[in-house]
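Undergrad: Pasting entry.cif below, which is mmCIF, C-alpha atoms.
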```cif
data_run
#
loop_
_atom_site.label_atom_id
_atom_site.label_comp_id
_atom_site.auth_asym_id
_atom_site.auth_seq_id
_atom_site.Cartn_x
_atom_site.Cartn_y
_atom_site.Cartn_z
CA MET A 193 36.55 -27.71 1.21
CA ARG A 194 39.73 -28.42 3.23
CA ARG A 195 37.70 -28.56 6.45
CA PHE A 196 35.29 -31.03 4.86
CA LEU A 197 38.12 -33.26 3.67
CA ARG A 198 39.76 -33.27 7.09
CA VAL A 199 36.54 -34.30 8.81
CA ALA A 200 35.98 -36.95 6.13
CA ALA A 201 39.51 -38.23 6.60
CA VAL A 202 39.03 -38.66 10.35
CA THR A 203 35.74 -40.50 9.84
CA ALA A 204 37.14 -42.71 7.09
CA THR A 205 40.33 -43.52 9.00
CA VAL A 206 38.34 -44.82 11.95
CA GLY A 207 36.34 -46.90 9.50
CA LEU A 208 39.49 -48.35 7.97
CA PHE A 209 40.42 -49.90 11.30
CA LEU A 210 36.99 -50.82 12.66
CA VAL A 211 35.36 -52.46 9.64
CA PRO A 212 35.97 -56.24 9.65
CA ALA A 213 37.38 -57.93 6.58
CA ALA A 214 34.01 -58.94 5.14
CA GLY A 215 32.52 -55.54 5.78
CA ALA A 216 35.54 -53.84 4.28
CA ALA A 217 35.20 -55.96 1.14
CA SER A 218 31.52 -55.07 0.80
CA ALA A 219 32.22 -51.40 1.40
CA ALA A 220 35.05 -51.49 -1.11
CA ALA A 221 32.78 -53.14 -3.69
CA ALA A 222 30.08 -50.56 -3.09
CA THR A 223 32.62 -47.79 -3.43
CA HIS A 224 33.83 -49.34 -6.69
CA HIS A 225 30.36 -49.51 -8.18
CA ALA A 226 29.58 -45.97 -7.10
CA LYS A 227 32.91 -44.83 -8.55
CA ALA A 228 33.41 -42.45 -5.65
CA PRO A 229 36.54 -40.28 -5.95
CA HIS A 230 39.47 -40.97 -3.64
CA PHE A 231 40.68 -37.92 -1.73
CA HIS A 232 43.92 -37.81 0.20
CA VAL A 233 44.18 -35.37 3.09
CA PRO A 234 47.65 -34.33 4.27
CA VAL A 235 48.83 -35.27 7.73
CA ARG A 236 50.15 -32.08 9.32
CA GLY A 237 51.74 -33.26 12.55
CA GLY A 238 51.44 -35.30 15.71
CA SER A 239 53.48 -38.08 17.31
CA THR A 240 53.65 -41.83 17.77
CA SER A 241 54.85 -43.43 21.00
CA ILE A 242 55.79 -47.03 21.75
CA THR A 243 55.78 -48.24 25.36
CA THR A 244 57.79 -51.41 25.81
CA LYS A 245 56.23 -54.53 27.24
CA LEU A 246 57.27 -55.51 30.75
CA GLY A 247 60.54 -57.47 30.58
CA VAL A 248 61.61 -56.37 27.08
CA VAL A 249 64.14 -53.76 28.23
CA GLU A 250 65.58 -56.12 30.84
CA ALA A 251 66.09 -58.82 28.20
CA VAL A 252 67.78 -56.38 25.82
CA LEU A 253 70.13 -55.07 28.51
CA ALA A 254 70.90 -58.62 29.72
CA ALA A 255 72.06 -59.44 26.19
CA GLY A 256 74.51 -56.55 26.36
CA VAL A 257 72.52 -54.21 24.13
CA ALA A 258 71.40 -50.69 25.08
CA PRO A 259 68.54 -48.92 23.26
CA PHE A 260 68.57 -45.15 22.65
CA THR A 261 66.51 -42.77 20.56
CA THR A 262 67.99 -40.47 17.93
CA ALA A 263 66.91 -36.84 17.66
CA PRO A 264 64.29 -35.50 17.49
CA ALA A 265 62.76 -38.64 19.01
CA SER A 266 62.87 -39.04 22.79
CA GLU A 267 62.67 -41.74 25.45
CA ALA A 268 61.30 -41.78 28.98
CA LEU A 269 61.88 -44.32 31.75
CA LEU A 270 58.61 -45.59 33.21
CA THR A 271 57.77 -47.86 36.16
CA ASN A 272 58.99 -51.46 36.25
CA GLY A 273 61.86 -50.72 33.86
CA ARG A 274 59.71 -49.99 30.84
CA LEU A 275 60.67 -47.37 28.25
CA ARG A 276 58.48 -45.09 26.17
CA PHE A 277 59.87 -43.99 22.81
CA THR A 278 58.20 -41.01 21.14
CA PHE A 279 58.62 -40.07 17.47
CA PRO A 280 57.36 -36.80 15.95
CA VAL A 281 55.13 -37.10 12.89
CA SER A 282 56.66 -35.33 9.90
CA GLY A 283 53.86 -35.72 7.36
CA GLY A 284 51.96 -38.17 5.21
CA SER A 285 48.46 -38.47 3.82
CA ILE A 286 45.25 -40.39 4.52
CA GLN A 287 42.68 -41.51 1.96
CA THR A 288 39.15 -40.44 2.84
CA THR A 289 37.43 -43.50 1.32
CA LEU A 290 37.80 -47.27 1.32
CA PRO A 291 39.86 -49.34 0.58
CA PRO A 292 42.34 -48.55 3.38
CA ASN A 293 45.20 -46.41 2.16
CA GLY A 294 47.59 -43.76 3.34
CA HIS A 295 50.79 -43.37 5.29
CA VAL A 296 52.23 -41.46 8.26
CA ASN A 297 55.92 -40.47 8.27
CA HIS A 298 58.09 -39.87 11.34
CA ARG A 299 61.37 -38.26 12.31
CA GLY A 300 64.02 -39.70 14.58
CA GLY A 301 64.62 -43.35 15.32
CA ILE A 302 66.08 -45.97 17.65
CA LYS A 303 69.74 -46.95 17.95
CA LEU A 304 70.68 -50.32 19.46
CA PHE A 305 74.24 -50.22 20.81
CA LYS A 306 76.15 -53.39 21.68
CA LEU A 307 78.08 -52.66 24.85
CA THR A 308 80.94 -55.01 23.96
CA GLY A 309 82.53 -54.32 20.61
CA GLY A 310 80.76 -51.05 19.92
CA THR A 311 78.45 -52.34 17.18
CA ALA A 312 75.42 -50.15 16.62
CA VAL A 313 72.29 -50.49 14.51
CA LYS A 314 70.12 -47.49 13.77
CA ILE A 315 66.47 -47.80 12.69
CA SER A 316 64.87 -44.54 11.57
CA ASN A 317 62.48 -42.72 9.24
CA PHE A 318 59.52 -44.79 10.38
CA ASN A 319 56.52 -45.01 8.08
CA ILE A 320 53.12 -46.34 9.13
CA ASN A 321 51.26 -47.96 6.22
CA LEU A 322 47.52 -48.00 6.88
CA ALA A 323 46.69 -50.55 4.20
CA ALA A 324 49.35 -53.02 5.36
CA ARG A 325 48.95 -52.20 9.07
CA SER A 326 52.70 -52.12 9.37
CA LEU A 327 55.57 -49.86 10.33
CA THR A 328 58.67 -49.79 8.16
CA GLY A 329 62.04 -48.15 8.73
CA ILE A 330 65.48 -47.81 7.19
CA LEU A 331 68.64 -49.39 8.60
CA ASN A 332 71.75 -47.31 9.28
CA ASN A 333 70.59 -44.32 7.19
CA ASN A 334 70.47 -46.41 4.01
CA PRO A 335 67.26 -45.61 2.06
CA ALA A 336 67.72 -48.82 0.07
CA ALA A 337 67.56 -50.84 3.29
CA ARG A 338 63.94 -50.09 4.21
CA ILE A 339 62.27 -53.13 5.77
CA LYS A 340 59.08 -53.91 7.66
CA ILE A 341 59.99 -53.51 11.32
CA PHE A 342 56.69 -53.97 13.13
CA SER A 343 53.27 -55.47 12.49
CA LEU A 344 50.50 -53.40 14.05
CA GLY A 345 47.71 -55.27 15.83
CA LEU A 346 44.45 -53.33 16.05
CA ALA A 347 42.09 -55.92 17.53
CA HIS A 348 42.00 -54.12 20.88
CA ALA A 349 42.82 -50.60 19.72
CA ASN A 350 40.94 -47.54 20.97
CA PHE A 351 39.91 -44.79 18.55
CA ASN A 352 39.32 -41.15 19.50
CA PRO A 353 38.55 -38.95 16.48
CA GLY A 354 38.40 -35.16 16.64
CA THR A 355 37.48 -32.49 14.13
CA HIS A 356 41.06 -32.05 12.96
CA SER A 357 42.82 -35.02 14.54
CA ILE A 358 42.64 -38.68 15.40
CA THR A 359 44.22 -40.67 18.23
CA VAL A 360 44.58 -44.44 18.08
CA SER A 361 45.88 -46.15 21.21
CA ASN A 362 46.46 -49.68 22.53
CA ILE A 363 48.05 -50.82 19.26
CA THR A 364 49.99 -54.07 19.68
CA VAL A 365 53.50 -53.77 18.21
CA SER A 366 55.11 -57.06 17.10
CA LEU A 367 58.56 -57.48 15.58
CA THR A 368 58.68 -59.00 12.10
CA SER A 369 60.92 -61.94 11.19
CA ALA A 370 62.83 -59.79 8.68
CA ALA A 371 63.61 -57.17 11.33
CA ALA A 372 64.48 -59.77 13.98
CA ASN A 373 66.92 -61.53 11.65
CA ALA A 374 68.52 -58.26 10.55
CA LEU A 375 69.02 -57.06 14.13
CA ASN A 376 70.33 -60.40 15.41
CA GLN A 377 72.82 -60.61 12.56
CA ALA A 378 74.03 -57.03 12.93
CA LEU A 379 74.39 -57.21 16.72
CA GLY A 380 75.65 -60.79 16.86
CA VAL A 381 73.13 -61.87 19.48
CA PRO A 382 70.16 -64.30 19.31
CA LEU A 383 67.95 -61.74 21.01
CA PHE A 384 64.93 -61.14 18.79
CA HIS A 385 62.41 -63.36 16.99
CA GLY A 386 59.55 -62.89 14.58
CA GLY A 387 56.20 -62.22 16.22
CA GLN A 388 57.82 -60.98 19.44
CA VAL A 389 55.54 -58.42 21.08
CA ILE A 390 57.67 -55.37 21.83
CA GLY A 391 55.01 -53.18 23.37
CA ILE A 392 51.97 -50.99 22.87
CA ALA A 393 51.80 -47.97 20.56
CA LYS A 394 49.74 -44.81 20.49
CA THR A 395 49.59 -42.47 17.53
CA HIS A 396 48.08 -39.00 17.35
CA VAL A 397 47.90 -37.18 14.04
CA THR A 398 46.57 -33.73 13.16
CA LEU A 399 44.92 -33.17 9.78
#
```
Do you think you could lay out the structure here as structure tokens?

TA:
Amino acid sequence: MRRFLRVAAVTATVGLFLVPAAGAASAAAATHHAKAPHFHVPVRGGSTSITTKLGVVEAVLAAGVAPFTTAPASEALLTNGRLRFTFPVSGGSIQTTLPPNGHVNHRGGIKLFKLTGGTAVKISNFNINLAARSLTGILNNNPAARIKIFSLGLAHANFNPGTHSITVSNITVSLTSAAANALNQALGVPLFHGGQVIGIAKTHVTL
């Protein structure tokens, strides 16, 4: 039964992203009329990485801000000054039927450190919401300060399902207005803006 649910979860998750809005509505209506049960399959592990867009790191450093990851996340310096941040998946669950639902939790985070003055902002405990196609996080370890950090664009995403896993790559990561305002205010720099494309994400989850 668990094997069946994992396979179903992979198949359904791909469908959640690929079905256009009209098709999703029709599928959701059909599911409603059929009264099919909704199963949630646990996410057992994996990782999500974000590779910064060319020029993003340079702009951040030019504003006097340095980005770091917090354990157990990690960063790697790539060509042309880009950075890749990788966050381990800590759990979550995925619904096996429409409408889109489920979430993927992560460990670690990103700390933005202002080189003059010593101000730092930490964003951590990332959560991907499949239904909202968003990534949220908490600010400075305050669970009450969870906000939507990124919008996830899937128009050009690539999907590679396996028997017990799924990999989604080429996800466009855009900063939300709420996150941009919070970061600018905390760091005291007019650096970020809503809709700013930060980079491209890839997530791999095991079921």

Undergrad: Kindly indicate which residue among A:Lys340, A:Lys394, A:His295, A:Arg325 lies nearest to Phe277 (chain A), using only C-alpha atoms for the distances.

TA: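 Between A:Lys340, A:Lys394, A:His295, A:Arg325, the residue approaching Phe277 (chain A) most closely is A:Lys394.
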
Undergrad: Excluding region 298-303 of chain A and any residue of its chain fewer than 4 positions from it, enumerate the residues within 8 Å of it, using only C-alpha atoms, and give them as JSON, numbers by chain.

TA: {"A": [239, 259, 260, 261, 262, 263, 264, 265, 279, 280, 281, 282, 283, 312, 313, 314, 315, 316, 317, 318, 319]}

Undergrad: Rank nothing, just name the residue among A:Ile330, A:Leu375, A:Ile242, A:Ala337 nearest to Thr395 (chain A), using all atoms listed in the file.

TA: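 Among the listed residues, the smallest separation from Thr395 (chain A) belongs to A:Ile242.
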
Undergrad: List as a PyMOL selection string the protein and nucleic acid residues near region 380-389 of chain A, meaning an atom at most 12 Å away when all atoms listed in the file are counted, but skip any in the same chain fewer than 6 places from it.

TA: chain A and resi 242-257+304-313+340-345+363-374

Undergrad: Just checking: using all atoms listed in the file, which residue out of A:Asn297, A:Asn272, A:Thr278, A:Ser266 ends up closest to Thr328 (chain A)?

TA: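 Checking each of A:Asn297, A:Asn272, A:Thr278, A:Ser266 against Thr328 (chain A), counting all atoms listed in the file, the winner is A:Asn297.
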
Undergrad: How would you write, as a PyMOL selection string, the residues chosen by the PyMOL selection byres ((chain A and resi 286) around 7) on this structure?

TA: chain A and resi 201+232-234+285+287-288+293-295

Undergrad: Tell me, in Å to one decimal, how far CA of Asn362 (chain A) is from CA of Arg274 (chain A).

TA: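 About the pair CA of Asn362 (chain A) and CA of Arg274 (chain A): they are 15.6 Å apart.
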
Undergrad: Determine the nearest neighbour of Leu275 (chain A) from the options A:Thr355, A:Ser361, A:Ile392, A:Ala347, counting only C-alpha atoms.

TA: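 Closest to Leu275 (chain A) of all the choices is A:Ile392.
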
Undergrad: How many Å lie between CA of Thr271 (chain A) and CA of Leu327 (chain A), rounded to one decimal?

TA: 26.0 Å

Undergrad: By how many Å are CA of Ala393 (chain A) and CA of Ser326 (chain A) apart?

TA: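 Distance reported for this atom pair: 12.0 Å.
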
Undergrad: Return as a PyMOL selection string the set of residues that the PyMOL selection byres ((chain A and resi 359) around 9) yields on the displayed structure.

TA: chain A and resi 350-354+357-358+360-361+394-398
